[in-house]
Amino acid sequence: MRVHVGGPTVSVLAFRGMSLFETGIVTEVFGLPRPELDVAWYELSICAPAPGPVPVVGGATLHPGGGLAELAAADTVIVPGVESVHADPPPAVLDALRAAHERGARILSICSGAFALAAAGLLDGRRATTHWRYAGVFRDRFPRVELDPDVLYLADGDVWTSAGSAAGLDLCLHVVRSDHGAAIANAVARRLVVQPHRDGGQAQFIEAPMPADASDDRIAASLTWALAHLSEPLTLPALARQAHMSPRTYLRHFTRATGTSPIRWLLRQRVQASLALLETTDTPIEQIAATVGFETPVTYRHHFANTMRTSPSAYRQAFRSRA
């Protein structure tokens, strides 16, 4: 089913027994026309291994308009899951994924879709993620892949993977950010009424979440305050004071609420805050570092590289070259 015509092509694989949630994420981000953004938006197609209707979860039937040839020819190929994590997809599907990759396409997976990418050999020697519940099976089946089940998504070169279903939305927004910059990604996120970027990883979801209590609101208030004061020195005691907690109590509640530590959260927020400055201004790196709260440019470059897998200068150049 061809949804939109105009910009870079995105194809998503349809398969028997799939959930429409993951495909819906892809359609929502890439398939809806967005003329208000004034950029060449994506051309989306839904492709199946064989002609005809595809039965999906809930008794519905999907009627894809594309086949594997169209999938293999897309600029971005998305695998939203697999029929079984214990068996490989059909050989024709794996061949189409390999052909797309060899041609230079960007390959993405959502949730169990990483199993298809690994079966095609596209993840050998790479870092990847999948839903935490499949981590043991994945490691047993694909020992040559460096699996990290704690993150929401990973981009390793031109092969990108994401965790459980909703993490596919994080990954799709990351694609938009990479292609069009932070401002456009933020605009799409606002229309979806979601955060442009979620912090933490899957670890916070592995066990049943604890019931919300009054401390959650206090933690949220402290985060809001911190985001408005990123340029200032922020310490654990300062954050705890905003939540009216002792540092020890704050640390415990913070970790439970976010799945990460205050220091790691602050570092990521500061890096994220710097992206728009790199993309849209000529502000020197040294000044950007100070603006978002890093003590020195060296510290900023170190944490930027750890978070974004590139340098601030290279990141800026990449966005300037796309303009």
# chains A, B, ... in the order shown; residues from 1 in each chain; ligands from 1
>>> residues_around(residues="Ser231 of chain A", least_positions_apart="6", cutoff="8 Å", atoms="only C-alpha atoms", output="JSON list (two decimals) with all heavy atoms, in the first residue's frame")
[["chain", "number", "residue", "atom", "x", "y", "z"],
["A", 290, "ALA", "N", 29.89, 25.57, 27.43],
["A", 290, "ALA", "CA", 29.56, 26.35, 28.62],
["A", 290, "ALA", "C", 28.06, 26.60, 28.73],
["A", 290, "ALA", "O", 27.48, 26.55, 29.82],
["A", 290, "ALA", "CB", 30.31, 27.67, 28.60],
["A", 291, "THR", "N", 27.42, 26.84, 27.59],
["A", 291, "THR", "CA", 25.99, 27.16, 27.59],
["A", 291, "THR", "C", 25.15, 26.01, 28.14],
["A", 291, "THR", "O", 24.15, 26.23, 28.83],
["A", 291, "THR", "CB", 25.53, 27.50, 26.17],
["A", 291, "THR", "OG1", 26.24, 28.65, 25.71],
["A", 291, "THR", "CG2", 24.03, 27.77, 26.12],
["A", 292, "VAL", "N", 25.55, 24.77, 27.85],
["A", 292, "VAL", "CA", 24.76, 23.62, 28.30],
["A", 292, "VAL", "C", 25.31, 23.02, 29.59],
["A", 292, "VAL", "O", 24.83, 21.98, 30.04],
["A", 292, "VAL", "CB", 24.68, 22.54, 27.21],
["A", 292, "VAL", "CG1", 23.97, 23.08, 25.97],
["A", 292, "VAL", "CG2", 26.06, 21.99, 26.84],
["A", 293, "GLY", "N", 26.32, 23.67, 30.19],
["A", 293, "GLY", "CA", 26.70, 23.28, 31.54],
["A", 293, "GLY", "C", 27.93, 22.43, 31.72],
["A", 293, "GLY", "O", 28.19, 21.96, 32.84],
["A", 294, "PHE", "N", 28.71, 22.22, 30.65],
["A", 294, "PHE", "CA", 29.94, 21.45, 30.82],
["A", 294, "PHE", "C", 31.06, 22.38, 31.30],
["A", 294, "PHE", "O", 31.18, 23.52, 30.84],
["A", 294, "PHE", "CB", 30.35, 20.78, 29.51],
["A", 294, "PHE", "CG", 29.49, 19.59, 29.17],
["A", 294, "PHE", "CD1", 28.46, 19.70, 28.25],
["A", 294, "PHE", "CD2", 29.70, 18.36, 29.79],
["A", 294, "PHE", "CE1", 27.65, 18.61, 27.94],
["A", 294, "PHE", "CE2", 28.91, 17.27, 29.49],
["A", 294, "PHE", "CZ", 27.88, 17.39, 28.57]]
>>> select_by_dssp(residues="segment 53-96 of chain A", states="strand (DSSP E)", output="JSON, numbers by chain")
{"A": [54, 55, 61, 62, 76, 77, 78, 79]}
>>> closest_residue(among="A:Ser313, A:Thr161, A:Thr129, A:Ser109", to="Leu277 of chain A", atoms="only C-alpha atoms")
A:Ser313
>>> atom_distance(atom1="atom CA of Pro33 of chain A", atom2="atom CA of Leu173 of chain A")
15.4 Å
>>> residues_around(residues="Leu236 of chain A", least_positions_apart="6", cutoff="8 Å", atoms="only C-alpha atoms", output="number ranges by chain")
A: 247, 251, 262-263
